[in-house]
Amino acid sequence: AAFLGDLVQTGVNARTAAGDFQFGDKVFPAGSIVINKGDNRKTEDFTAKVRRLVNKHEVGLEVLRTGFSVFGGDLGGGSYSLVGKPRVAILAGEDVDALQFGQTWYYFEQDLGYPVSIFNVEDLGDIAAGDYDVIVMPSGRYDLSGAAETLTDWVRAGGKLIAIENANRSLSGLAGFDLARKDGEEKDDEADDGPDPRLLPHAGAERRFISGFNPGAIVEVEMDETHPLSFGIGGRYSSLKTGSAAYDYLEDGVNAGRVRTNPAISGFVGSKVKKQIEETLVFGVQEMGRGQVVYLVDNPLYRGFWEEGKLLFANAVFQVR
């Protein structure tokens with residue numbers, strides 16, 4: 001991901017493959033970076049730039065002797081999309097969790113070495129009027145009542161909105177956004193015909209509390225291997241889930257990552273939370289006009305150490321389009 005970010009910053013035009021492909025005896029996985037000389041006829045010192053970045057990032061490089069593939073699409077075909085150089089804005093301010101903002105900023109600045117601009121939430125109108133391609137919403141409690149239409153119009157015009165963790169709460173229920181909280185999430189813990197929770201005995205209170213508590217556990221996520229979010233990850237992702245928020249599958253979108261029934265779990269998850277998160281969305285993409293909304297219900301950049309999540313987030317920035 002850092003190699004790709006460096007390529008586009010240096011002015012080298014690069015493509016990524018939509019699916020697996022083969023040239024000669026070599027098979028390459030979906031998401032592989034393809035650099036064509038034909039795309040870089042006007043790129044000064046093209047070969048030297050590519051060689052320098054390959055050595056800097058220690059990535060494998062294969063030279064293709066032909067443009068005709070065994071399978072997966074010939075070079076120049078629609079199977080390889082130009083990445084471009086996405087201009088990224090990150091939202092900050094009082095509505096945004098400071099630690100979560102820091103994790104996102106750190107990822108771009110330290111892990112990717114990729115430039116970003118930082119705006120307060122109230123400056124959404126300035127972002128929409130500018131030349132930004134991607135807006136990242138770190139986890140937080142956003143008041144979008146006065147900016148929802150501006151944000152929706154920006155996405156429909158071709159922007160990409162990436163919402164992380166609790167930022168999705170602010171989008172859920174807004175006109176145009178397909179994300180919805182799972183039915184029953186905010187209902188009382190006890191059934192309607194059960195005892196009044198105010199009259200339950202003191203004994204057992206702690207046990208009743210932890211049944212609806214998730215202090216942080218690793219949960220198995222089923223990934224759609226054909227979707228760009230899963231490139232380099234495969235069909236299974238280990239997600240760090242730090243809460244009980246649960247969202248229904250998208251009706252009009254791609255449910256690229258989902259928790260199925262009886263997922264593998266490492267760590268403690270309360271019995272009610274475990275039931276609540278089954279068959280729910282973890283990572284999804286909704287097409288909106290000419291743009292996309294990427295829903296990341298779990299934070300893939302948590303505290304800067306969830307390494308597999310860093311690749312998934314890079315896919316959200318560079319591969320989803």
# chains A, B, ... in the order shown; residues from 1 in each chain; ligands from 1
call {"tool": "select_by_dssp", "arguments": {"residues": "stretch 7-213 of chain A", "states": "helix (DSSP H, G or I)", "output": "JSON, numbers by chain"}}
result
{"A": [7, 8, 9, 10, 38, 39, 40, 46, 47, 48, 49, 50, 51, 52, 53, 54, 55, 56, 57, 98, 99, 100, 101, 102, 103, 104, 105, 106, 107, 108, 109, 110, 111, 112, 121, 122, 123, 124, 125, 126, 127, 128, 129, 148, 149, 150, 151, 152, 153, 154, 155, 156, 167, 168, 169, 170, 171, 197, 198, 199, 205, 206, 207, 208, 209, 210]}
call {"tool": "write_last_selection", "arguments": {"atoms": "C-alpha atoms", "output": "mmCIF file, in the first residue's frame"}}
result
data_model
loop_
_atom_site.group_PDB
_atom_site.id
_atom_site.type_symbol
_atom_site.label_atom_id
_atom_site.label_comp_id
_atom_site.auth_asym_id
_atom_site.auth_seq_id
_atom_site.Cartn_x
_atom_site.Cartn_y
_atom_site.Cartn_z
ATOM 1 C CA LEU A 7 4.052 5.609 -6.989
ATOM 2 C CA VAL A 8 1.126 7.947 -7.528
ATOM 3 C CA GLN A 9 2.780 10.750 -5.538
ATOM 4 C CA THR A 10 5.872 10.431 -7.707
ATOM 5 C CA GLY A 38 2.153 2.952 -22.276
ATOM 6 C CA ASP A 39 0.510 4.819 -19.376
ATOM 7 C CA ASN A 40 3.785 6.572 -18.592
ATOM 8 C CA PHE A 46 9.973 6.474 -15.526
ATOM 9 C CA THR A 47 12.223 3.410 -15.224
ATOM 10 C CA ALA A 48 14.498 5.001 -12.632
ATOM 11 C CA LYS A 49 11.513 6.087 -10.488
ATOM 12 C CA VAL A 50 9.969 2.620 -10.519
ATOM 13 C CA ARG A 51 13.305 0.948 -9.724
ATOM 14 C CA ARG A 52 13.954 3.333 -6.840
ATOM 15 C CA LEU A 53 10.538 2.762 -5.262
ATOM 16 C CA VAL A 54 10.740 -1.019 -5.722
ATOM 17 C CA ASN A 55 14.019 -1.026 -3.804
ATOM 18 C CA LYS A 56 12.743 1.404 -1.171
ATOM 19 C CA HIS A 57 9.658 -0.662 -0.341
ATOM 20 C CA ALA A 98 -9.463 12.559 19.469
ATOM 21 C CA LEU A 99 -7.771 9.160 19.791
ATOM 22 C CA GLN A 100 -9.588 7.781 16.774
ATOM 23 C CA PHE A 101 -8.636 10.829 14.745
ATOM 24 C CA GLY A 102 -5.018 10.365 15.799
ATOM 25 C CA GLN A 103 -5.021 6.739 14.666
ATOM 26 C CA THR A 104 -6.264 7.731 11.222
ATOM 27 C CA TRP A 105 -3.847 10.648 10.836
ATOM 28 C CA TYR A 106 -0.947 8.498 12.034
ATOM 29 C CA TYR A 107 -1.760 5.833 9.449
ATOM 30 C CA PHE A 108 -1.543 8.258 6.542
ATOM 31 C CA GLU A 109 1.452 10.176 7.869
ATOM 32 C CA GLN A 110 3.604 7.378 9.306
ATOM 33 C CA ASP A 111 2.531 4.102 7.652
ATOM 34 C CA LEU A 112 1.655 5.280 4.158
ATOM 35 C CA VAL A 121 -16.708 19.023 10.620
ATOM 36 C CA GLU A 122 -18.317 22.445 10.190
ATOM 37 C CA ASP A 123 -16.109 22.975 7.127
ATOM 38 C CA LEU A 124 -17.769 20.205 5.103
ATOM 39 C CA GLY A 125 -19.013 22.807 2.664
ATOM 40 C CA ASP A 126 -15.432 23.873 1.912
ATOM 41 C CA ILE A 127 -14.428 20.259 1.236
ATOM 42 C CA ALA A 128 -17.377 19.739 -1.061
ATOM 43 C CA ALA A 129 -16.484 22.879 -2.985
ATOM 44 C CA ALA A 148 -26.275 16.080 5.345
ATOM 45 C CA GLU A 149 -27.457 17.394 1.985
ATOM 46 C CA THR A 150 -24.043 18.877 1.201
ATOM 47 C CA LEU A 151 -22.346 15.577 2.035
ATOM 48 C CA THR A 152 -24.813 13.525 -0.015
ATOM 49 C CA ASP A 153 -24.459 15.818 -3.036
ATOM 50 C CA TRP A 154 -20.667 15.550 -2.819
ATOM 51 C CA VAL A 155 -20.794 11.745 -2.820
ATOM 52 C CA ARG A 156 -23.284 11.648 -5.682
ATOM 53 C CA ALA A 167 -19.234 7.605 12.599
ATOM 54 C CA ASN A 168 -21.636 5.138 11.013
ATOM 55 C CA ARG A 169 -24.242 5.948 13.678
ATOM 56 C CA SER A 170 -24.424 9.469 12.278
ATOM 57 C CA LEU A 171 -25.052 8.178 8.745
ATOM 58 C CA PRO A 197 -35.733 -4.709 35.453
ATOM 59 C CA ARG A 198 -36.036 -2.104 38.218
ATOM 60 C CA LEU A 199 -37.234 -4.811 40.606
ATOM 61 C CA ALA A 205 -26.558 -7.659 38.697
ATOM 62 C CA GLU A 206 -22.949 -8.016 37.561
ATOM 63 C CA ARG A 207 -23.723 -11.161 35.597
ATOM 64 C CA ARG A 208 -26.694 -9.480 33.912
ATOM 65 C CA PHE A 209 -24.450 -6.546 32.985
ATOM 66 C CA ILE A 210 -21.649 -8.568 31.392
#
call {"tool": "closest_atom_pairs", "arguments": {"of": "stretch 237-321 of chain A", "to": "stretch 217-224 of chain A", "cutoff": "9 Å", "atoms": "only C-alpha atoms", "output": "CSV"}}
result
residue,atom,partner,partner_atom,distance
A:Tyr237,CA,A:Val221,CA,5.1
A:Ser238,CA,A:Glu220,CA,4.9
A:Ser239,CA,A:Val219,CA,5.3
A:Leu240,CA,A:Ile218,CA,4.6
A:Lys241,CA,A:Ala217,CA,5.6
A:Thr242,CA,A:Ala217,CA,6.5
A:Gly243,CA,A:Ala217,CA,8.9
A:Val254,CA,A:Asp224,CA,8.9
A:Asn255,CA,A:Asp224,CA,7.7
A:Ala256,CA,A:Asp224,CA,5.0
A:Gly257,CA,A:Met223,CA,4.5
A:Arg258,CA,A:Glu222,CA,5.3
A:Val259,CA,A:Val221,CA,5.0
A:Arg260,CA,A:Glu222,CA,7.0
A:Pro263,CA,A:Glu220,CA,5.6
A:Ala264,CA,A:Glu220,CA,5.3
A:Ile265,CA,A:Val219,CA,4.7
A:Ser266,CA,A:Ile218,CA,5.0
A:Gly267,CA,A:Ala217,CA,4.7
A:Phe268,CA,A:Ala217,CA,6.1
A:Val269,CA,A:Ala217,CA,6.7
A:Val282,CA,A:Val221,CA,7.6
A:Phe283,CA,A:Met223,CA,8.6
call {"tool": "residues_around", "arguments": {"residues": "stretch 62-79 of chain A", "least_positions_apart": "5", "cutoff": "10 Å", "atoms": "only C-alpha atoms", "output": "MDAnalysis selection string"}}
result
chainID A and resid 15:30 34:36 38:39
call {"tool": "residues_around", "arguments": {"residues": "A:Gly159", "least_positions_apart": "4", "cutoff": "8 Å", "atoms": "only C-alpha atoms", "output": "MDAnalysis selection string"}}
result
chainID A and resid 132:135 154:155 290:292
call {"tool": "write_last_selection", "arguments": {"atoms": "N, CA and C atoms", "output": "mmCIF file, in the first residue's frame"}}
result
data_model
loop_
_atom_site.group_PDB
_atom_site.id
_atom_site.type_symbol
_atom_site.label_atom_id
_atom_site.label_comp_id
_atom_site.auth_asym_id
_atom_site.auth_seq_id
_atom_site.Cartn_x
_atom_site.Cartn_y
_atom_site.Cartn_z
ATOM 1 N N TYR A 132 -11.374 17.536 -3.443
ATOM 2 C CA TYR A 132 -11.083 16.318 -2.694
ATOM 3 C C TYR A 132 -11.874 15.131 -3.239
ATOM 4 N N ASP A 133 -11.201 13.992 -3.278
ATOM 5 C CA ASP A 133 -11.806 12.760 -3.794
ATOM 6 C C ASP A 133 -12.319 11.861 -2.688
ATOM 7 N N VAL A 134 -11.694 11.938 -1.496
ATOM 8 C CA VAL A 134 -12.011 11.041 -0.384
ATOM 9 C C VAL A 134 -12.185 11.863 0.881
ATOM 10 N N ILE A 135 -13.253 11.614 1.624
ATOM 11 C CA ILE A 135 -13.439 12.169 2.966
ATOM 12 C C ILE A 135 -13.468 11.004 3.943
ATOM 13 N N TRP A 154 -22.085 15.755 -2.507
ATOM 14 C CA TRP A 154 -20.667 15.550 -2.819
ATOM 15 C C TRP A 154 -20.404 14.101 -3.223
ATOM 16 N N VAL A 155 -20.979 13.163 -2.476
ATOM 17 C CA VAL A 155 -20.794 11.745 -2.820
ATOM 18 C C VAL A 155 -21.408 11.449 -4.184
ATOM 19 N N ARG A 290 -22.451 8.816 -8.649
ATOM 20 C CA ARG A 290 -21.158 8.447 -9.220
ATOM 21 C C ARG A 290 -20.112 8.167 -8.141
ATOM 22 N N GLY A 291 -20.519 8.228 -6.870
ATOM 23 C CA GLY A 291 -19.588 8.007 -5.771
ATOM 24 C C GLY A 291 -19.934 6.786 -4.947
ATOM 25 N N GLN A 292 -19.211 6.628 -3.832
ATOM 26 C CA GLN A 292 -19.419 5.474 -2.964
ATOM 27 C C GLN A 292 -19.336 5.903 -1.494
#
call {"tool": "closest_residue", "arguments": {"among": "A:Ser32, A:Asn120, A:Gln286, A:Thr280", "to": "A:Asp252", "atoms": "only C-alpha atoms"}}
result
A:Gln286
call {"tool": "closest_residue", "arguments": {"among": "A:Leu174, A:Leu144, A:Val285, A:Ile164", "to": "A:Gly309", "atoms": "only C-alpha atoms"}}
result
A:Ile164
call {"tool": "residues_around", "arguments": {"residues": "A:Ile118", "least_positions_apart": "5", "cutoff": "7 Å", "atoms": "only C-alpha atoms", "output": "JSON list (two decimals) with all heavy atoms, in the first residue's frame"}}
result
[["chain", "number", "residue", "atom", "x", "y", "z"],
["A", 89, "ALA", "N", -9.25, 14.06, 2.55],
["A", 89, "ALA", "CA", -9.53, 14.97, 3.67],
["A", 89, "ALA", "C", -9.99, 14.14, 4.86],
["A", 89, "ALA", "O", -10.78, 13.20, 4.71],
["A", 89, "ALA", "CB", -10.61, 15.98, 3.29],
["A", 90, "ILE", "N", -9.51, 14.48, 6.04],
["A", 90, "ILE", "CA", -9.92, 13.82, 7.28],
["A", 90, "ILE", "C", -10.67, 14.83, 8.14],
["A", 90, "ILE", "O", -10.21, 15.96, 8.32],
["A", 90, "ILE", "CB", -8.71, 13.27, 8.06],
["A", 90, "ILE", "CG1", -7.88, 12.34, 7.20],
["A", 90, "ILE", "CG2", -9.17, 12.55, 9.32],
["A", 90, "ILE", "CD1", -6.60, 11.85, 7.90],
["A", 91, "LEU", "N", -11.80, 14.40, 8.69],
["A", 91, "LEU", "CA", -12.58, 15.29, 9.55],
["A", 91, "LEU", "C", -12.05, 15.26, 10.98],
["A", 91, "LEU", "O", -11.63, 14.21, 11.49],
["A", 91, "LEU", "CB", -14.06, 14.88, 9.54],
["A", 91, "LEU", "CG", -14.78, 14.99, 8.19],
["A", 91, "LEU", "CD1", -16.26, 14.67, 8.36],
["A", 91, "LEU", "CD2", -14.60, 16.38, 7.59],
["A", 92, "ALA", "N", -12.05, 16.41, 11.62],
["A", 92, "ALA", "CA", -11.57, 16.55, 12.99],
["A", 92, "ALA", "C", -12.49, 17.51, 13.72],
["A", 92, "ALA", "O", -13.47, 18.00, 13.17],
["A", 92, "ALA", "CB", -10.12, 17.06, 13.00]]
call {"tool": "atom_distance", "arguments": {"atom1": "atom CA of A:Leu61", "atom2": "atom CA of A:Arg87"}}
result
26.7 Å
call {"tool": "closest_residue", "arguments": {"among": "A:Asn262, A:Val12, A:Gly31, A:Val317", "to": "A:Glu225", "atoms": "only C-alpha atoms"}}
result
A:Gly31
call {"tool": "select_by_dssp", "arguments": {"residues": "stretch 86-137 of chain A", "states": "strand (DSSP E)", "output": "PyMOL selection string"}}
result
chain A and resi 88-92+116-120+134-137
